[in-house]
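Q: The following file, start_11.tsv, comprises TSV, C-alpha atoms:
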```tsv
chain	number	residue	atom	x	y	z
A	17	MET	CA	43.76	130.23	-115.34
A	18	THR	CA	40.27	129.38	-116.52
A	19	TYR	CA	37.21	129.43	-114.37
A	20	PRO	CA	34.01	127.51	-114.94
A	21	ALA	CA	31.21	129.48	-116.52
A	22	PRO	CA	28.81	130.80	-113.92
A	23	SER	CA	25.69	128.72	-113.71
A	24	SER	CA	22.36	130.37	-114.21
A	25	PRO	CA	20.42	131.14	-111.04
A	26	PRO	CA	17.71	128.65	-110.09
A	27	VAL	CA	14.26	129.28	-111.51
A	28	PRO	CA	11.46	129.84	-108.97
A	29	ARG	CA	9.41	126.67	-108.43
A	30	THR	CA	6.64	125.69	-106.08
A	31	GLY	CA	7.51	123.59	-103.06
A	32	GLY	CA	5.72	120.67	-104.74
A	33	GLU	CA	7.93	121.02	-107.82
A	34	ILE	CA	11.08	121.32	-105.71
A	35	LEU	CA	10.09	118.18	-103.80
A	36	ALA	CA	9.31	116.20	-106.97
A	37	ASP	CA	12.61	117.24	-108.56
A	38	GLY	CA	14.46	116.33	-105.37
A	39	LEU	CA	12.89	112.87	-105.36
A	40	ILE	CA	13.96	112.38	-108.98
A	41	ALA	CA	17.50	113.57	-108.10
A	42	ASN	CA	17.60	110.86	-105.42
A	43	GLY	CA	16.67	108.15	-107.90
A	44	VAL	CA	13.02	107.78	-106.91
A	45	THR	CA	10.84	106.50	-109.74
A	46	THR	CA	7.82	105.25	-107.80
A	47	LEU	CA	5.85	106.68	-104.88
A	48	PHE	CA	3.06	104.89	-103.03
A	49	GLY	CA	0.18	106.65	-101.35
A	50	VAL	CA	-3.39	107.79	-101.12
A	51	PRO	CA	-4.03	111.09	-102.91
A	52	GLY	CA	-4.98	113.83	-100.46
A	53	GLU	CA	-5.88	117.48	-100.66
A	54	SER	CA	-3.11	118.44	-98.25
A	55	PHE	CA	-0.44	117.81	-100.90
A	56	LEU	CA	-2.15	118.71	-104.18
A	57	SER	CA	0.85	120.77	-105.32
A	58	LEU	CA	3.06	117.68	-105.03
A	59	LEU	CA	0.53	115.58	-106.95
A	60	ASP	CA	0.45	118.23	-109.71
A	61	ALA	CA	4.25	118.19	-109.89
A	62	ILE	CA	4.29	114.38	-110.08
A	63	HIS	CA	1.71	114.52	-112.88
A	64	ASP	CA	3.89	117.02	-114.77
A	65	ARG	CA	6.84	114.61	-114.42
A	66	ASP	CA	4.97	111.38	-115.16
A	67	ASP	CA	7.78	110.29	-117.49
A	68	LYS	CA	10.09	110.14	-114.43
A	69	LEU	CA	7.79	109.66	-111.42
A	70	ARG	CA	4.96	107.20	-110.99
A	71	PHE	CA	2.39	107.54	-108.21
A	72	VAL	CA	0.84	104.20	-107.21
A	73	SER	CA	-2.44	104.84	-105.44
A	74	SER	CA	-3.58	102.43	-102.75
A	75	ARG	CA	-6.94	102.13	-101.08
A	76	GLN	CA	-5.60	102.76	-97.59
A	77	GLU	CA	-2.46	104.41	-96.23
A	78	GLY	CA	-1.34	101.30	-94.37
A	79	GLY	CA	-1.21	99.50	-97.70
A	80	ALA	CA	0.82	102.35	-99.21
A	81	ALA	CA	3.35	102.13	-96.37
A	82	TYR	CA	3.64	98.37	-96.82
A	83	MET	CA	4.13	98.85	-100.58
A	84	ALA	CA	6.92	101.36	-99.94
A	85	ASP	CA	8.47	98.93	-97.44
A	86	ALA	CA	8.32	96.05	-99.94
A	87	HIS	CA	9.69	98.25	-102.74
A	88	ALA	CA	12.66	99.19	-100.55
A	89	LYS	CA	13.30	95.56	-99.65
A	90	MET	CA	13.25	94.55	-103.32
A	91	THR	CA	15.38	97.42	-104.67
A	92	GLY	CA	17.62	98.32	-101.73
A	93	ALA	CA	16.70	101.99	-102.25
A	94	PRO	CA	14.43	103.89	-99.85
A	95	GLY	CA	10.74	103.33	-100.47
A	96	VAL	CA	8.65	106.49	-100.59
A	97	CYS	CA	5.18	106.72	-99.06
A	98	VAL	CA	2.95	109.81	-99.38
A	99	VAL	CA	-0.08	110.20	-97.12
A	100	THR	CA	-2.33	112.94	-95.86
A	101	ARG	CA	-2.45	114.33	-92.35
A	102	GLY	CA	-4.26	113.00	-89.29
A	103	PRO	CA	-6.05	109.71	-90.03
A	104	GLY	CA	-3.92	109.08	-93.12
A	105	ALA	CA	-0.70	109.32	-91.14
A	106	CYS	CA	-2.18	107.16	-88.38
A	107	ASN	CA	-3.12	104.48	-90.90
A	108	ALA	CA	0.43	104.50	-92.30
A	109	SER	CA	2.01	104.19	-88.86
A	110	ILE	CA	1.87	100.37	-88.79
A	111	GLY	CA	3.87	100.14	-92.03
A	112	ILE	CA	6.33	102.72	-90.70
A	113	HIS	CA	6.77	100.67	-87.52
A	114	THR	CA	7.39	97.58	-89.67
A	115	ALA	CA	10.09	99.45	-91.61
A	116	GLN	CA	11.74	100.43	-88.33
A	117	GLN	CA	11.63	96.87	-86.99
A	118	ASP	CA	12.99	95.44	-90.27
A	119	SER	CA	15.61	98.20	-90.77
A	120	THR	CA	14.06	99.15	-94.11
A	121	PRO	CA	14.96	102.56	-95.55
A	122	MET	CA	11.77	104.55	-96.10
A	123	ILE	CA	10.86	108.18	-96.69
A	124	VAL	CA	7.37	109.08	-95.46
A	125	LEU	CA	5.92	112.35	-96.73
A	126	ILE	CA	2.87	113.53	-94.79
A	127	GLY	CA	0.61	116.39	-95.78
A	128	GLN	CA	0.19	118.86	-92.94
A	129	VAL	CA	-2.03	121.85	-92.18
A	130	ALA	CA	-0.81	125.25	-93.34
A	131	ARG	CA	1.70	126.93	-91.04
A	132	GLY	CA	-0.83	129.59	-89.99
A	133	HIS	CA	-3.19	126.89	-88.70
A	134	ARG	CA	-0.65	125.01	-86.58
A	135	GLU	CA	-1.44	124.29	-82.94
A	136	ARG	CA	-5.15	125.01	-83.37
A	137	GLU	CA	-6.25	121.40	-83.82
A	138	ALA	CA	-7.42	122.43	-87.26
A	139	PHE	CA	-8.16	120.09	-90.15
A	140	GLN	CA	-7.10	116.84	-88.46
A	141	GLU	CA	-3.80	118.26	-87.24
A	142	VAL	CA	-1.41	115.87	-85.49
A	143	GLU	CA	1.96	116.64	-83.90
A	144	PHE	CA	4.02	114.21	-85.96
A	145	ARG	CA	7.28	114.69	-84.05
A	146	HIS	CA	5.69	113.20	-80.94
A	147	MET	CA	3.68	110.57	-82.77
A	148	PHE	CA	6.49	109.06	-84.85
A	149	ALA	CA	9.52	109.69	-82.58
A	150	PRO	CA	9.53	106.13	-81.13
A	151	PHE	CA	9.80	104.42	-84.51
A	152	ALA	CA	11.39	106.81	-86.99
A	153	LYS	CA	15.04	107.75	-87.33
A	154	TRP	CA	14.10	111.40	-87.80
A	155	VAL	CA	10.86	113.36	-87.87
A	156	ALA	CA	10.80	116.92	-89.18
A	157	GLU	CA	8.39	119.50	-90.51
A	158	ILE	CA	9.62	121.56	-93.44
A	159	ASP	CA	9.15	125.24	-92.63
A	160	SER	CA	9.81	126.82	-96.05
A	161	ALA	CA	10.00	125.78	-99.68
A	162	ALA	CA	13.62	126.97	-99.83
A	163	ARG	CA	14.59	124.31	-97.24
A	164	ILE	CA	13.02	121.35	-99.06
A	165	PRO	CA	16.29	120.24	-100.76
A	166	GLU	CA	18.12	120.38	-97.40
A	167	HIS	CA	15.47	118.35	-95.58
A	168	LEU	CA	15.09	115.84	-98.39
A	169	SER	CA	18.85	115.29	-98.65
A	170	HIS	CA	19.12	114.77	-94.89
A	171	ALA	CA	16.15	112.39	-94.96
A	172	PHE	CA	17.69	110.21	-97.68
A	173	HIS	CA	21.07	110.18	-95.95
A	174	LEU	CA	19.56	109.16	-92.61
A	175	ALA	CA	17.20	106.54	-94.05
A	176	GLN	CA	20.13	104.71	-95.65
A	177	SER	CA	23.01	105.24	-93.21
A	178	GLY	CA	23.97	103.10	-90.23
A	179	ARG	CA	20.99	100.94	-89.39
A	180	PRO	CA	18.52	101.84	-92.19
A	181	GLY	CA	15.02	102.89	-91.25
A	182	PRO	CA	12.10	105.23	-91.84
A	183	VAL	CA	12.27	109.02	-91.88
A	184	VAL	CA	9.15	111.18	-91.66
A	185	LEU	CA	8.79	114.63	-93.24
A	186	ALA	CA	5.65	116.70	-92.63
A	187	LEU	CA	4.74	119.02	-95.49
A	188	PRO	CA	2.57	122.04	-94.60
A	189	GLU	CA	0.29	122.62	-97.57
A	190	ASP	CA	1.25	126.30	-97.86
A	191	VAL	CA	4.94	125.33	-98.10
A	192	LEU	CA	4.10	123.14	-101.11
A	193	VAL	CA	2.56	126.08	-103.00
A	194	GLU	CA	5.17	128.62	-101.88
A	195	LEU	CA	7.63	129.73	-104.58
A	196	ALA	CA	11.39	129.50	-104.03
A	197	ALA	CA	14.42	129.77	-106.28
A	198	VAL	CA	16.66	127.07	-104.87
A	199	ALA	CA	19.00	124.52	-106.45
A	200	ASP	CA	18.51	120.78	-106.11
A	201	LEU	CA	21.10	118.91	-104.09
A	202	PRO	CA	22.96	115.85	-105.41
A	203	ALA	CA	21.65	112.39	-104.60
A	204	ALA	CA	22.37	111.03	-101.16
A	205	ARG	CA	24.89	108.21	-101.04
A	206	ARG	CA	24.76	105.38	-98.59
A	207	ILE	CA	27.52	105.53	-96.02
A	208	ALA	CA	28.90	102.12	-95.17
A	209	ALA	CA	28.75	101.34	-91.46
```
Could the structure of this file be written out as structure tokens, please?

A:
Amino acid sequence: MTYPAPSSPPVPRTGGEILADGLIANGVTTLFGVPGESFLSLLDAIHDRDDKLRFVSSRQEGGAAYMADAHAKMTGAPGVCVVTRGPGACNASIGIHTAQQDSTPMIVLIGQVARGHREREAFQEVEFRHMFAPFAKWVAEIDSAARIPEHLSHAFHLAQSGRPGPVVLALPEDVLVELAAVADLPAARRIAA
């Protein structure tokens, strides 16, 4: 009996790199957003993978959400919108609501304050679970870099399954710079209703 060769252990990557690689694994080629300091590690990872990922910058987060919505409607794949915390997320909320109303699959990535600053109303902090619960299929905050593949996989599955719609993931900035040695998960597949 032969056994497959053991695979090498995953190499430590930043949360931003894990997230960028997970987006690529799920077939994402284009992200729409407004660059923000709360997710610089993700922007660096996108820049390092510019042969596979393209970041389209908009002037306002609402426009980025509408671009992600339109991209999803044209391609059938989830559109991806990246915005910063507080006012940025609020500006994107109209496009997220539109995606919910139109049953458009969308992944919304929102920069968030570092975990140690949570619940102190620091740096434009918003409780996204409460804010987006009425018009998102799922709202979560990633609590460690090692759980990014799990959250991203679940987000893509939910956005596309049953009645498609938007999913919101909050990304604490310290999670995006945290190192973790974790494997990417395979691409989510749409489950027919």

Q: Excluding Phe151 (chain A) and any residue of its chain fewer than 5 positions from it, enumerate the residues within 10 Å of it, using all atoms listed in the file, and give them as a short mmCIF file (atom, residue, chain, number, x, y, z; two decimals) with C-alpha atoms, keeping the file's coordinate frame.

A:
```
data_model
loop_
_atom_site.label_atom_id
_atom_site.label_comp_id
_atom_site.auth_asym_id
_atom_site.auth_seq_id
_atom_site.Cartn_x
_atom_site.Cartn_y
_atom_site.Cartn_z
CA SER A 109 2.01 104.19 -88.86
CA ILE A 110 1.87 100.37 -88.79
CA ILE A 112 6.33 102.72 -90.70
CA HIS A 113 6.77 100.67 -87.52
CA THR A 114 7.39 97.58 -89.67
CA ALA A 115 10.09 99.45 -91.61
CA GLN A 116 11.74 100.43 -88.33
CA GLN A 117 11.63 96.87 -86.99
CA GLY A 181 15.02 102.89 -91.25
CA PRO A 182 12.10 105.23 -91.84
CA VAL A 183 12.27 109.02 -91.88
CA VAL A 184 9.15 111.18 -91.66
#
```

Q: From the set A:Phe55, A:Met122, A:Ile164, A:Arg145, which residue has the shortest atom-to-atom contact distance to Thr91 (chain A), counting all atoms listed in the file?

A: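 Comparing A:Phe55, A:Met122, A:Ile164, A:Arg145 against Thr91 (chain A), the winner is A:Met122.
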
Q: Write out as a list in words each polymer residue whose atoms come within 10 Å of Val44 (chain A), counting only C-alpha atoms; drop sequence neighbours fewer than 4 positions from it.

A: Ala36, Asp37, Gly38, Leu39, Ile40, Lys68, Leu69, Arg70, Ala93, Pro94, Gly95 and Val96 of chain A

Q: Which value, in Å to one decimal, gives the distance between CA of Pro26 (chain A) and CA of Val124 (chain A)?

A: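 Between CA of Pro26 (chain A) and CA of Val124 (chain A) the gap works out to 26.5 Å.
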
Q: Which of these, A:Leu59, A:Leu47, A:Ala152, A:Ala186, has the shortest distance to Ala130 (chain A) once you count only C-alpha atoms?

A: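 Closest candidate: A:Ala186.
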
Q: Give the answer as one residue: which of A:Gly31, A:Pro165, A:Pro121, A:Gly92 has the shortest atom-to-atom distance to Val191 (chain A), using all atoms listed in the file?

A: A:Gly31

Q: Which one is closest to Ser54 (chain A): A:Pro180, A:His173, A:Gln128, A:Arg205? Count all atoms listed in the file.

A: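 Among A:Pro180, A:His173, A:Gln128, A:Arg205, it is A:Gln128 that comes nearest to Ser54 (chain A).
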
Q: Write out as a PyMOL selection string each polymer residue whose atoms come within 7 Å of Ala204 (chain A), counting all atoms listed in the file; drop sequence neighbours fewer than 3 positions from it.

A: chain A and resi 42+169+172-173

Q: Using all atoms listed in the file, which residue out of A:Ser57, A:Thr120, A:Asn107, A:Thr100 lies closest to Asp85 (chain A)?

A: A:Thr120

Q: Name the residues in contact with Ala162 (chain A) at a cut-off of 10 Å, using all atoms listed in the file, excluding same-chain residues fewer than 3 positions from it; report them as a list in words.

A: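 Listed by chain and then number, they are Pro28, Arg29, Thr30, Gly31, Ile34, Ile158, Asp159, Pro165, Glu166, His167, Val191, Glu194, Leu195, Ala196, Ala197, Val198 and Ala199 of chain A.
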